[in-house]
file work.cif (mmCIF, C-alpha atoms)
data_model
loop_
_atom_site.label_atom_id
_atom_site.label_comp_id
_atom_site.auth_asym_id
_atom_site.auth_seq_id
_atom_site.Cartn_x
_atom_site.Cartn_y
_atom_site.Cartn_z
CA MET A 1 -8.61 -4.30 -43.19
CA GLN A 2 -8.05 -6.48 -40.11
CA THR A 3 -10.79 -8.66 -38.68
CA PRO A 4 -12.39 -7.57 -35.38
CA ARG A 5 -10.05 -8.13 -32.46
CA HIS A 6 -11.88 -9.94 -29.67
CA SER A 7 -9.15 -9.77 -27.03
CA LEU A 8 -9.16 -5.94 -27.05
CA ARG A 9 -12.94 -5.84 -26.75
CA MET A 10 -12.96 -8.25 -23.85
CA LEU A 11 -10.49 -6.29 -21.73
CA ARG A 12 -12.67 -3.19 -22.03
CA ALA A 13 -16.11 -4.80 -21.94
CA LEU A 14 -15.59 -6.91 -18.82
CA GLU A 15 -14.62 -4.16 -16.41
CA LEU A 16 -17.10 -3.95 -13.52
CA SER A 17 -19.50 -1.08 -13.08
CA LYS A 18 -19.09 1.50 -10.33
CA SER A 19 -21.85 -0.30 -8.42
CA SER A 20 -19.32 -2.94 -7.50
CA ALA A 21 -17.86 -0.43 -5.02
CA PRO A 22 -14.14 -0.37 -5.85
CA ARG A 23 -11.76 0.03 -2.93
CA ARG A 24 -9.29 2.91 -2.77
CA ILE A 25 -5.79 1.52 -2.39
CA SER A 26 -2.18 2.66 -2.62
CA LEU A 27 0.56 1.56 -4.94
CA PRO A 28 3.15 0.11 -5.06
CA ARG A 29 2.37 -2.14 -2.10
CA TRP A 30 -1.38 -2.52 -2.67
CA PRO A 31 -2.74 -1.90 0.87
CA ILE A 32 -6.46 -2.34 1.47
CA GLY A 33 -8.92 0.38 2.39
CA ARG A 34 -8.15 3.91 3.47
CA PRO A 35 -6.11 5.34 6.35
CA SER A 36 -7.82 6.64 9.45
CA GLY A 37 -9.43 10.04 9.17
CA GLY A 38 -10.79 9.31 5.69
CA ALA A 39 -7.74 10.58 3.77
CA ARG A 40 -6.93 8.78 0.56
CA ARG A 41 -3.77 6.76 0.30
CA HIS A 42 -1.46 7.52 -2.58
CA MET A 43 1.41 5.91 -4.41
CA SER A 44 4.04 7.43 -2.13
CA ASP A 45 2.54 6.25 1.21
CA ASN A 46 4.72 3.97 3.30
CA PRO A 47 2.47 2.39 5.95
CA PRO A 48 4.19 0.50 8.79
CA LYS A 49 2.47 -2.73 7.88
CA THR A 50 1.39 -3.46 4.31
CA PRO A 51 -0.92 -6.33 3.37
CA SER A 52 0.49 -8.77 0.89
CA PHE A 53 -0.61 -8.87 -2.77
CA GLU A 54 -2.60 -12.03 -2.00
CA GLU A 55 -4.45 -10.32 0.87
CA LEU A 56 -5.55 -7.67 -1.58
CA ARG A 57 -6.55 -10.13 -4.29
CA GLN A 58 -8.35 -12.41 -1.78
CA PRO A 59 -9.88 -10.21 0.94
CA LYS A 60 -11.49 -11.77 3.98
CA PRO A 61 -15.07 -12.89 3.28
CA ASN A 62 -17.92 -10.84 4.64
CA LYS A 63 -21.67 -11.24 4.88
CA TRP A 64 -22.18 -9.43 1.58
CA ALA A 65 -19.88 -11.68 -0.50
CA PHE A 66 -22.54 -14.15 -1.59
CA ARG A 67 -25.05 -11.38 -2.33
CA LEU A 68 -22.45 -9.53 -4.42
CA GLN A 69 -21.78 -12.65 -6.48
CA LEU A 70 -25.49 -12.96 -7.23
CA MET A 71 -25.79 -9.30 -8.21
CA VAL A 72 -22.81 -9.14 -10.58
CA GLY A 73 -22.17 -12.71 -11.73
CA LEU A 74 -24.94 -12.88 -14.32
CA PRO A 75 -24.28 -9.44 -15.87
CA LEU A 76 -20.58 -10.24 -16.20
CA THR A 77 -21.29 -13.50 -17.98
CA ALA A 78 -23.58 -11.66 -20.36
CA ALA A 79 -20.92 -9.00 -20.89
CA LEU A 80 -18.35 -11.61 -21.87
CA ILE A 81 -20.64 -13.21 -24.44
CA TYR A 82 -21.80 -9.91 -25.93
CA SER A 83 -18.34 -8.44 -26.24
CA ILE A 84 -16.97 -11.36 -28.25
CA LEU A 85 -19.76 -11.89 -30.74
CA THR A 86 -20.67 -9.59 -33.61
CA ASP A 87 -23.85 -7.53 -33.58
CA ASP A 88 -25.79 -9.97 -35.75
CA THR A 89 -25.11 -13.11 -33.72
CA LYS A 90 -26.74 -14.24 -30.50
CA ALA A 91 -24.59 -15.72 -27.76
CA GLU A 92 -25.03 -19.18 -26.40
CA SER A 93 -24.87 -19.48 -22.63
CA PRO A 94 -21.64 -21.15 -21.54
CA THR A 95 -21.86 -24.54 -19.94
CA GLN A 96 -22.73 -24.13 -16.28
CA VAL A 97 -21.43 -27.54 -15.18
CA LYS A 98 -18.11 -27.07 -13.44
CA ALA A 99 -15.23 -29.32 -14.43
CA GLU A 100 -14.06 -31.90 -11.89
CA GLY A 101 -10.69 -30.18 -11.42
CA PRO A 102 -10.08 -26.60 -10.28
CA THR A 103 -10.58 -23.71 -12.68
CA ILE A 104 -7.46 -21.98 -13.97
CA ALA A 105 -8.34 -19.05 -11.70
CA GLU A 106 -8.32 -21.36 -8.67
CA ALA A 107 -5.16 -23.11 -9.84
CA ASP A 108 -3.38 -19.78 -10.38
CA ALA A 109 -4.41 -18.50 -6.96
CA LEU A 110 -3.00 -21.66 -5.37
CA LEU A 111 0.25 -21.40 -7.33
CA LYS A 112 0.75 -17.80 -6.23
CA ARG A 113 0.11 -18.67 -2.58
CA GLU A 114 2.50 -21.59 -2.59
CA ASN A 115 5.28 -20.51 -4.96
CA GLY A 116 4.81 -16.85 -5.86
CA VAL A 117 5.54 -15.88 -9.48
CA ASN A 118 8.79 -16.85 -11.19
CA GLU A 119 10.15 -17.83 -14.61
CA THR A 120 8.59 -21.30 -14.36
CA SER A 121 5.09 -19.96 -13.57
CA PRO A 122 2.33 -20.10 -16.22
CA MET A 123 2.43 -17.22 -18.69
CA ARG A 124 -0.84 -15.97 -17.20
CA LEU A 125 0.82 -15.21 -13.88
CA ARG A 126 3.98 -13.82 -15.44
CA MET A 127 2.01 -11.40 -17.64
CA GLU A 128 -0.12 -10.29 -14.69
CA GLU A 129 2.96 -9.67 -12.55
CA PHE A 130 4.69 -7.83 -15.40
CA ILE A 131 1.86 -5.37 -16.18
CA LYS A 132 1.20 -4.60 -12.50
CA ARG A 133 4.89 -3.97 -11.86
CA HIS A 134 5.07 -1.59 -14.83
CA GLN A 135 1.85 0.12 -13.82
CA LYS A 136 3.51 1.05 -10.52
CA GLN A 137 6.67 2.22 -12.28
CA ILE A 138 4.79 4.36 -14.81
CA VAL A 139 2.54 5.92 -12.16
CA ALA A 140 5.53 6.73 -9.94
CA GLU A 141 7.38 8.44 -12.80
CA LEU A 142 4.32 10.42 -13.91
CA GLU A 143 3.76 11.60 -10.34
CA LYS A 144 7.33 12.95 -10.34
CA VAL A 145 6.56 14.88 -13.53
CA ASP A 146 3.23 16.26 -12.34
CA GLY A 147 3.68 16.67 -8.60
CA VAL A 148 0.12 15.40 -7.98
CA LYS A 149 -0.74 11.88 -6.85
CA PHE A 150 -2.95 9.48 -8.77
CA THR A 151 -6.29 8.34 -7.33
CA ILE A 152 -6.34 4.53 -7.17
CA ASP A 153 -9.43 2.29 -7.54
CA SER A 154 -9.34 -1.50 -7.41
CA TRP A 155 -12.09 -3.85 -8.56
CA GLN A 156 -12.46 -7.62 -8.45
CA ARG A 157 -14.44 -10.28 -10.33
CA PRO A 158 -16.07 -13.18 -8.47
CA GLU A 159 -14.97 -15.52 -11.29
CA GLY A 160 -11.34 -14.50 -10.75
CA GLY A 161 -9.15 -11.52 -11.44
CA GLY A 162 -9.97 -7.84 -11.32
CA GLY A 163 -8.24 -4.58 -12.05
CA ILE A 164 -6.55 -1.44 -10.78
CA THR A 165 -7.53 1.95 -12.22
CA CYS A 166 -5.12 4.85 -11.59
CA VAL A 167 -6.43 8.30 -12.55
CA LEU A 168 -4.95 11.80 -12.24
CA GLN A 169 -7.23 14.71 -13.09
CA ASP A 170 -6.59 18.49 -13.10
CA GLY A 171 -2.94 18.05 -12.22
CA ASN A 172 -0.09 20.50 -12.68
CA VAL A 173 1.00 18.91 -15.97
CA PHE A 174 -1.73 16.45 -16.94
CA GLU A 175 -5.28 17.61 -17.38
CA LYS A 176 -6.28 13.95 -17.35
CA ALA A 177 -4.20 10.77 -17.12
CA GLY A 178 -5.15 7.13 -16.65
CA VAL A 179 -3.02 4.01 -16.18
CA ASN A 180 -5.12 0.84 -15.85
CA THR A 181 -4.50 -2.88 -15.45
CA SER A 182 -7.16 -5.55 -16.01
CA VAL A 183 -7.01 -9.30 -15.27
CA VAL A 184 -10.03 -11.41 -16.23
CA TYR A 185 -10.91 -15.12 -15.94
CA GLY A 186 -14.07 -16.69 -17.40
CA ARG A 187 -15.51 -19.12 -19.96
CA LEU A 188 -16.02 -18.77 -23.70
CA PRO A 189 -19.21 -20.24 -25.23
CA ARG A 190 -19.04 -22.34 -28.38
CA LYS A 191 -20.02 -19.55 -30.78
CA ALA A 192 -17.32 -17.31 -29.39
CA ILE A 193 -14.76 -20.09 -29.92
CA GLN A 194 -15.89 -20.49 -33.52
CA GLN A 195 -15.54 -16.73 -34.07
CA MET A 196 -12.01 -16.72 -32.67
CA ARG A 197 -10.93 -19.67 -34.84
CA ILE A 198 -10.80 -17.24 -37.77
CA ASN A 199 -7.46 -16.05 -36.40
CA HIS A 200 -6.53 -18.95 -34.09
CA LYS A 201 -6.78 -22.45 -35.53
CA ALA A 202 -5.48 -24.03 -32.31
CA LEU A 203 -8.90 -23.52 -30.73
CA ASP A 204 -10.96 -26.73 -30.60
CA PRO A 205 -14.30 -26.04 -32.34
CA SER A 206 -15.94 -29.23 -31.03
CA VAL A 207 -16.10 -28.23 -27.34
CA GLU A 208 -19.07 -26.48 -25.80
CA SER A 209 -16.96 -23.98 -23.84
CA LEU A 210 -13.40 -23.14 -22.85
CA GLU A 211 -11.89 -21.31 -19.91
CA PHE A 212 -10.12 -18.09 -20.81
CA PHE A 213 -7.72 -15.58 -19.26
CA ALA A 214 -7.12 -12.00 -20.41
CA ALA A 215 -4.75 -9.41 -18.96
CA GLY A 216 -3.60 -6.01 -20.14
CA LEU A 217 -2.26 -2.57 -19.26
CA SER A 218 -3.79 0.48 -20.93
CA MET A 219 -2.82 4.14 -20.57
CA VAL A 220 -3.80 7.55 -21.96
CA LEU A 221 -2.17 10.86 -20.95
CA HIS A 222 -3.66 14.26 -21.90
CA PRO A 223 -1.29 17.13 -20.90
CA SER A 224 -2.64 20.62 -20.19
CA ASN A 225 -0.02 22.44 -22.28
CA PRO A 226 -0.90 22.37 -26.02
CA MET A 227 2.81 22.03 -26.83
CA ALA A 228 2.95 18.68 -24.99
CA PRO A 229 1.60 15.63 -26.87
CA THR A 230 -1.07 13.16 -25.79
CA VAL A 231 0.12 9.54 -25.69
CA HIS A 232 -1.73 6.22 -25.69
CA LEU A 233 -0.46 2.72 -24.82
CA ASN A 234 -1.96 -0.77 -24.51
CA TYR A 235 -0.35 -4.20 -24.17
CA ARG A 236 -2.37 -7.38 -23.54
CA TYR A 237 -2.32 -11.19 -23.41
CA PHE A 238 -5.14 -13.69 -24.02
CA GLU A 239 -5.23 -17.43 -23.36
CA THR A 240 -7.72 -20.30 -23.39
CA ALA A 241 -7.48 -23.61 -21.52
CA ASP A 242 -9.12 -27.05 -21.80
CA GLU A 243 -10.95 -28.87 -18.99
CA GLN A 244 -7.64 -30.19 -17.63
CA GLY A 245 -6.25 -26.66 -17.37
CA ASN A 246 -3.85 -27.09 -20.30
CA THR A 247 -3.30 -24.07 -22.54
CA ASN A 248 -5.36 -24.39 -25.72
CA ALA A 249 -4.53 -21.15 -27.56
CA TRP A 250 -2.82 -17.86 -26.71
CA TRP A 251 -1.88 -14.54 -28.29
CA TYR A 252 -0.53 -11.03 -27.62
CA GLY A 253 -1.62 -7.60 -28.79
CA GLY A 254 -0.78 -3.98 -28.15
CA GLY A 255 0.98 -0.82 -29.23
CA CYS A 256 1.81 2.80 -28.41
CA ASP A 257 1.15 6.03 -30.34
CA LEU A 258 1.79 9.78 -30.03
CA THR A 259 -0.82 12.51 -30.70
CA PRO A 260 0.54 16.09 -30.64
CA CYS A 261 -1.38 19.30 -31.23
CA TYR A 262 1.77 21.09 -32.40
CA LEU A 263 4.40 19.25 -34.36
CA PHE A 264 7.98 19.11 -33.14
CA ASP A 265 9.90 16.88 -35.52
CA GLU A 266 12.55 16.09 -32.89
CA ASP A 267 9.85 14.71 -30.56
CA ALA A 268 8.38 12.48 -33.26
CA ILE A 269 11.83 11.19 -34.20
CA HIS A 270 12.76 10.50 -30.57
CA PHE A 271 9.48 8.65 -29.89
CA HIS A 272 9.67 6.49 -33.01
CA LYS A 273 13.36 5.73 -32.52
CA ALA A 274 12.66 4.35 -29.04
CA ILE A 275 9.88 2.11 -30.33
CA LYS A 276 11.88 0.99 -33.37
CA SER A 277 14.82 0.07 -31.13
CA ALA A 278 12.56 -2.18 -29.04
CA CYS A 279 11.14 -3.81 -32.18
CA ASP A 280 14.54 -4.29 -33.86
CA LYS A 281 15.78 -6.40 -30.96
CA HIS A 282 13.33 -9.07 -32.05
CA ASP A 283 12.63 -8.65 -35.75
CA LYS A 284 13.75 -5.92 -38.18
CA LYS A 285 10.42 -6.24 -39.98
CA TYR A 286 8.34 -5.52 -36.89
CA TYR A 287 8.63 -1.72 -36.79
CA PRO A 288 7.66 -0.98 -40.42
CA ARG A 289 4.95 -3.64 -40.32
CA PHE A 290 3.40 -2.50 -37.03
CA LYS A 291 3.80 1.22 -37.80
CA LYS A 292 1.78 0.75 -40.99
CA TRP A 293 -0.85 -1.14 -39.01
CA CYS A 294 -0.97 1.72 -36.48
CA ASP A 295 -1.36 4.41 -39.16
CA GLU A 296 -4.22 2.46 -40.73
CA TYR A 297 -6.07 1.66 -37.51
CA PHE A 298 -5.84 5.03 -35.71
CA SER A 299 -7.47 6.93 -38.54
CA ASN A 300 -10.47 9.25 -38.57
CA LYS A 301 -11.70 8.00 -41.92
CA HIS A 302 -14.60 10.45 -41.99
CA ARG A 303 -12.04 13.29 -41.73
CA GLY A 304 -9.42 11.76 -44.00
CA GLU A 305 -6.71 12.13 -41.39
CA SER A 306 -4.83 10.08 -38.79
CA ARG A 307 -5.49 10.60 -35.10
CA GLY A 308 -1.84 11.38 -34.47
CA LEU A 309 1.75 10.67 -35.53
CA GLY A 310 1.39 6.93 -34.96
CA GLY A 311 3.74 4.47 -33.36
CA ILE A 312 3.08 0.73 -33.50
CA PHE A 313 -0.03 -1.46 -33.27
CA PHE A 314 -0.37 -5.26 -33.46
CA ASP A 315 -2.78 -8.00 -32.44
CA ASP A 316 -3.22 -11.79 -32.51
CA LEU A 317 0.51 -12.58 -32.35
CA ASP A 318 0.62 -16.30 -31.54
CA GLU A 319 2.65 -19.45 -32.29
CA THR A 320 2.32 -18.79 -36.02
CA GLU A 321 4.45 -15.66 -35.47
CA LYS A 322 7.07 -16.80 -32.92
CA ASP A 323 7.11 -18.94 -29.80
CA GLN A 324 5.49 -17.73 -26.59
CA GLU A 325 8.70 -16.76 -24.81
CA GLN A 326 9.96 -14.73 -27.76
CA LEU A 327 6.72 -12.81 -28.05
CA PHE A 328 6.54 -12.21 -24.30
CA SER A 329 10.06 -10.79 -24.47
CA PHE A 330 8.99 -8.56 -27.36
CA VAL A 331 5.99 -7.21 -25.43
CA GLN A 332 8.19 -6.64 -22.36
CA ASP A 333 10.70 -4.61 -24.38
CA CYS A 334 7.95 -2.54 -26.02
CA LEU A 335 6.30 -1.67 -22.72
CA SER A 336 9.67 -1.00 -21.09
CA ALA A 337 10.45 1.47 -23.90
CA PHE A 338 7.56 3.76 -22.98
CA LEU A 339 9.10 5.83 -20.18
CA PRO A 340 12.34 6.64 -22.08
CA SER A 341 10.28 7.41 -25.20
CA TYR A 342 7.89 9.89 -23.54
CA ILE A 343 9.31 11.34 -20.30
CA PRO A 344 11.99 13.44 -22.07
CA ILE A 345 9.31 14.87 -24.37
CA ILE A 346 6.84 15.82 -21.64
CA ASN A 347 9.59 17.35 -19.49
CA LYS A 348 10.73 19.47 -22.43
CA ARG A 349 7.24 20.71 -23.40
CA LYS A 350 5.20 20.92 -20.17
CA ASP A 351 6.30 24.45 -19.22
CA MET A 352 6.50 26.05 -22.67
CA PRO A 353 4.57 29.31 -23.11
CA PHE A 354 1.42 29.24 -25.24
CA THR A 355 -1.33 31.59 -26.39
CA GLU A 356 -5.09 31.40 -26.12
CA HIS A 357 -5.21 30.69 -29.87
CA GLU A 358 -2.94 27.67 -29.36
CA LYS A 359 -5.09 26.44 -26.47
CA GLN A 360 -8.19 26.65 -28.69
CA TRP A 361 -6.39 24.58 -31.36
CA GLN A 362 -5.61 21.95 -28.72
CA GLN A 363 -9.32 21.78 -27.88
CA LEU A 364 -10.18 21.26 -31.56
CA ARG A 365 -7.60 18.47 -31.89
CA ARG A 366 -8.99 16.82 -28.78
CA GLY A 367 -12.36 16.85 -30.47
CA ARG A 368 -10.80 14.74 -33.24
CA TYR A 369 -9.42 12.39 -30.56
CA VAL A 370 -12.92 11.97 -29.13
CA GLU A 371 -14.34 11.34 -32.61
CA PHE A 372 -11.97 8.43 -33.21
CA ASN A 373 -12.59 6.82 -29.83
CA LEU A 374 -16.38 7.03 -30.05
CA VAL A 375 -16.86 6.47 -33.79
CA HIS A 376 -14.10 4.12 -34.93
CA ASP A 377 -12.49 2.38 -31.94
CA ARG A 378 -13.92 -1.15 -31.75
CA GLY A 379 -13.10 -1.73 -28.09
CA THR A 380 -14.85 1.45 -26.94
CA ALA A 381 -17.98 0.73 -29.01
CA PHE A 382 -18.38 -2.85 -27.77
CA GLY A 383 -17.61 -1.86 -24.20
CA LEU A 384 -20.28 0.85 -24.10
CA ASN A 385 -22.87 -1.53 -25.56
CA THR A 386 -22.13 -4.29 -23.06
CA PRO A 387 -24.51 -4.73 -20.08
CA GLY A 388 -22.73 -4.18 -16.77
CA ALA A 389 -19.68 -2.53 -18.37
CA ARG A 390 -17.47 -0.28 -16.23
CA VAL A 391 -18.22 2.87 -18.22
CA GLU A 392 -15.92 5.18 -16.24
CA SER A 393 -12.89 3.02 -17.05
CA ILE A 394 -13.91 2.68 -20.71
CA LEU A 395 -14.19 6.46 -21.09
CA MET A 396 -11.02 7.13 -19.12
CA SER A 397 -9.28 7.56 -22.49
CA LEU A 398 -11.27 10.70 -23.34
CA PRO A 399 -9.82 14.17 -22.60
CA LEU A 400 -11.35 16.27 -19.84
CA THR A 401 -12.22 19.05 -22.30
CA ALA A 402 -12.67 19.29 -26.10
CA ARG A 403 -14.12 21.65 -28.72
CA TRP A 404 -15.98 21.46 -32.03
CA GLN A 405 -16.06 24.58 -34.19
CA TYR A 406 -18.09 24.76 -37.38
CA MET A 407 -16.03 24.72 -40.61
CA HIS A 408 -12.76 25.58 -38.90
CA GLN A 409 -9.76 25.92 -41.22
CA PRO A 410 -6.21 26.77 -40.09
CA GLU A 411 -4.40 29.69 -41.67
CA ALA A 412 -2.28 28.92 -44.74
CA GLY A 413 1.35 28.34 -43.87
CA SER A 414 0.64 28.06 -40.13
CA ARG A 415 1.91 25.40 -37.73
CA GLU A 416 -1.64 24.12 -37.47
CA GLU A 417 -1.81 23.59 -41.23
CA ARG A 418 1.53 21.74 -41.22
CA LEU A 419 0.22 19.29 -38.60
CA LEU A 420 -2.85 18.57 -40.75
CA GLU A 421 -0.64 17.90 -43.77
CA VAL A 422 1.27 15.23 -41.82
CA LEU A 423 -1.93 13.70 -40.44
CA ARG A 424 -3.41 13.43 -43.93
CA LYS A 425 -0.29 11.75 -45.26
CA PRO A 426 1.53 9.77 -42.51
CA LYS A 427 5.29 10.27 -42.51
CA GLU A 428 8.22 7.95 -41.92
CA TRP A 429 10.08 9.40 -38.95
CA VAL A 430 13.01 6.98 -38.73
#
call {"tool": "encode", "arguments": {"input": "work.cif", "output": "structure tokens"}}
result
Amino acid sequence: MQTPRHSLRMLRALELSKSSAPRRISLPRWPIGRPSGGARRHMSDNPPKTPSFEELRQPKPNKWAFRLQLMVGLPLTAALIYSILTDDTKAESPTQVKAEGPTIAEADALLKRENGVNETSPMRLRMEEFIKRHQKQIVAELEKVDGVKFTIDSWQRPEGGGGITCVLQDGNVFEKAGVNTSVVYGRLPRKAIQQMRINHKALDPSVESLEFFAAGLSMVLHPSNPMAPTVHLNYRYFETADEQGNTNAWWYGGGCDLTPCYLFDEDAIHFHKAIKSACDKHDKKYYPRFKKWCDEYFSNKHRGESRGLGGIFFDDLDETEKDQEQLFSFVQDCLSAFLPSYIPIINKRKDMPFTEHEKQWQQLRRGRYVEFNLVHDRGTAFGLNTPGARVESILMSLPLTARWQYMHQPEAGSREERLLEVLRKPKEWV
């Protein structure tokens, strides 16, 4: 059993609450606000003049800025501390004395203004640019499949960073779909550093606090048609820095997995082949190692069955695994493999005929999906128990509808029974 993964918790726990009044924006050019007349902007808008990425990330100050910092700054700090530490430890307040030099958030903002983001930029900026670029690509492709536009919310943190939440609900193909990016800057207290040293010996245990950066892209798609599978994806990067702004420790985590209600072997084979191909470019041992990890983690232990057909899952990949550039390349290839792994499947299944019985089975399987997320998923549990958490984004992963039926058993020899057999004993698809 793996130790608790703090980077995953932090990305979920530190999202702002709805009270922080997210702005509606459009992708891919990130304009601010809404068009005249109150209509929402969508991904396909092409306004005559689009604000730059920096204008979005650093909006003009207004009279409420200072008040907003007071209202949300303290809860966010508490959220960071709570999300990292275990239930039976109390967090120490991070050092409030600011270092003489700029924070890494300030330094990164200056670098982006002066030089943009390129191959020589810090990994923080390169990862942020990469996940936001892929968020736009994924949303654009899913809109082509569905024919309905995503609703876009942006949120920002006074300490630095923020996020973009893209949600499609009651579409033509997807009953609910979410594609989110999160970028967070802050400080780790000493006890949090000591906790993280279990997996990362590069962290200095003698300091009172360290700056940190966390960024990730997370996605869950729940199609309406029971023949079309749900899919989940998450890729993330975490880094700490000393008082001089030098990187102290870093690591990557992530994965992607498929959860069908009706089993089509060809879909499972196609999905796993795409992921294995991305893994094999970097290490032949990655796919079997990370598939096993995925099967073990995404498991409803109280039911004795996996959540779905698996994929890959990994966390805490740092310099003890490979160097930073190699691992960044690995994460890039894995995320880039998503669209070719899933789009052919959803296009093939989205318009298939189905019966009311098959729709009821989908609702029962979604109930199992909810059970895993609320009972076993560490990130969801810590996020919901964190003061000031952005609950709507945390629960974005849940389906719009689900069903629990007392003592339900599928008919012997049915397609439903075959799916359960595979979920109770995970299969090697490639």
call {"tool": "closest_residue", "arguments": {"input": "work.cif", "among": "A:Arg390, A:His232, A:Lys359, A:Lys348", "to": "A:Thr165", "atoms": "all atoms listed in the file"}}
result
A:Arg390
call {"tool": "closest_residue", "arguments": {"input": "work.cif", "among": "A:Gly160, A:Pro223, A:Gly147, A:Gly245", "to": "A:Ile104", "atoms": "all atoms listed in the file"}}
result
A:Gly245
call {"tool": "resolve_selection", "arguments": {"input": "work.cif", "expression": "the PyMOL selection byres ((chain A and resi 291) around 10)", "output": "PyMOL selection string"}}
result
chain A and resi 255-257+272+275-276+286-290+292-297+309-314+428
call {"tool": "closest_residue", "arguments": {"input": "work.cif", "among": "A:Lys112, A:Arg197, A:Lys284, A:Lys144", "to": "A:Glu129", "atoms": "only C-alpha atoms"}}
result
A:Lys112
call {"tool": "resolve_selection", "arguments": {"input": "work.cif", "expression": "the PyMOL selection byres ((chain A and resi 264) around 10)", "output": "list in words"}}
result
Met227, Ala228, Pro229, Pro260, Cys261, Tyr262, Leu263, Asp265, Glu266, Asp267, Ala268, Ile269, Ile345, Arg349, Arg415 and Leu419 of chain A
call {"tool": "write_last_selection", "arguments": {"input": "work.cif", "atoms": "C-alpha atoms", "output": "PDB file, in the frame of the given file"}}
result
ATOM      1  CA  MET A 227       2.810  22.030 -26.830  1.00  0.00           C
ATOM      2  CA  ALA A 228       2.950  18.680 -24.990  1.00  0.00           C
ATOM      3  CA  PRO A 229       1.600  15.630 -26.870  1.00  0.00           C
ATOM      4  CA  PRO A 260       0.540  16.090 -30.640  1.00  0.00           C
ATOM      5  CA  CYS A 261      -1.380  19.300 -31.230  1.00  0.00           C
ATOM      6  CA  TYR A 262       1.770  21.090 -32.400  1.00  0.00           C
ATOM      7  CA  LEU A 263       4.400  19.250 -34.360  1.00  0.00           C
ATOM      8  CA  ASP A 265       9.900  16.880 -35.520  1.00  0.00           C
ATOM      9  CA  GLU A 266      12.550  16.090 -32.890  1.00  0.00           C
ATOM     10  CA  ASP A 267       9.850  14.710 -30.560  1.00  0.00           C
ATOM     11  CA  ALA A 268       8.380  12.480 -33.260  1.00  0.00           C
ATOM     12  CA  ILE A 269      11.830  11.190 -34.200  1.00  0.00           C
ATOM     13  CA  ILE A 345       9.310  14.870 -24.370  1.00  0.00           C
ATOM     14  CA  ARG A 349       7.240  20.710 -23.400  1.00  0.00           C
ATOM     15  CA  ARG A 415       1.910  25.400 -37.730  1.00  0.00           C
ATOM     16  CA  LEU A 419       0.220  19.290 -38.600  1.00  0.00           C
TER      17      LEU A 419
END
call {"tool": "residues_around", "arguments": {"input": "work.cif", "residues": "A:Lys301", "least_positions_apart": "3", "cutoff": "9 Å", "atoms": "all atoms listed in the file", "output": "list in words"}}
result
Gly304, Glu305, Ser306, Phe372 and His376 of chain A
call {"tool": "residues_around", "arguments": {"input": "work.cif", "residues": "A:Cys166", "least_positions_apart": "4", "cutoff": "6 Å", "atoms": "only C-alpha atoms", "output": "ChimeraX atom specification"}}
result
/A:150-152,178-180
call {"tool": "resolve_selection", "arguments": {"input": "work.cif", "expression": "the PyMOL selection byres ((chain A and resi 205-208) around 10)", "output": "NGL selection string"}}
result
:A and (92-95 or 188-197 or 201-204 or 209-210 or 242-243)
call {"tool": "write_last_selection", "arguments": {"input": "work.cif", "atoms": "C-alpha atoms", "output": "PDB file, in the frame of the given file"}}
result
ATOM      1  CA  GLU A  92     -25.030 -19.180 -26.400  1.00  0.00           C
ATOM      2  CA  SER A  93     -24.870 -19.480 -22.630  1.00  0.00           C
ATOM      3  CA  PRO A  94     -21.640 -21.150 -21.540  1.00  0.00           C
ATOM      4  CA  THR A  95     -21.860 -24.540 -19.940  1.00  0.00           C
ATOM      5  CA  LEU A 188     -16.020 -18.770 -23.700  1.00  0.00           C
ATOM      6  CA  PRO A 189     -19.210 -20.240 -25.230  1.00  0.00           C
ATOM      7  CA  ARG A 190     -19.040 -22.340 -28.380  1.00  0.00           C
ATOM      8  CA  LYS A 191     -20.020 -19.550 -30.780  1.00  0.00           C
ATOM      9  CA  ALA A 192     -17.320 -17.310 -29.390  1.00  0.00           C
ATOM     10  CA  ILE A 193     -14.760 -20.090 -29.920  1.00  0.00           C
ATOM     11  CA  GLN A 194     -15.890 -20.490 -33.520  1.00  0.00           C
ATOM     12  CA  GLN A 195     -15.540 -16.730 -34.070  1.00  0.00           C
ATOM     13  CA  MET A 196     -12.010 -16.720 -32.670  1.00  0.00           C
ATOM     14  CA  ARG A 197     -10.930 -19.670 -34.840  1.00  0.00           C
ATOM     15  CA  LYS A 201      -6.780 -22.450 -35.530  1.00  0.00           C
ATOM     16  CA  ALA A 202      -5.480 -24.030 -32.310  1.00  0.00           C
ATOM     17  CA  LEU A 203      -8.900 -23.520 -30.730  1.00  0.00           C
ATOM     18  CA  ASP A 204     -10.960 -26.730 -30.600  1.00  0.00           C
ATOM     19  CA  SER A 209     -16.960 -23.980 -23.840  1.00  0.00           C
ATOM     20  CA  LEU A 210     -13.400 -23.140 -22.850  1.00  0.00           C
ATOM     21  CA  ASP A 242      -9.120 -27.050 -21.800  1.00  0.00           C
ATOM     22  CA  GLU A 243     -10.950 -28.870 -18.990  1.00  0.00           C
TER      23      GLU A 243
END
call {"tool": "atom_distance", "arguments": {"input": "work.cif", "atom1": "atom CA of A:Ala249", "atom2": "atom CA of A:Ile394"}}
result
26.5 Å
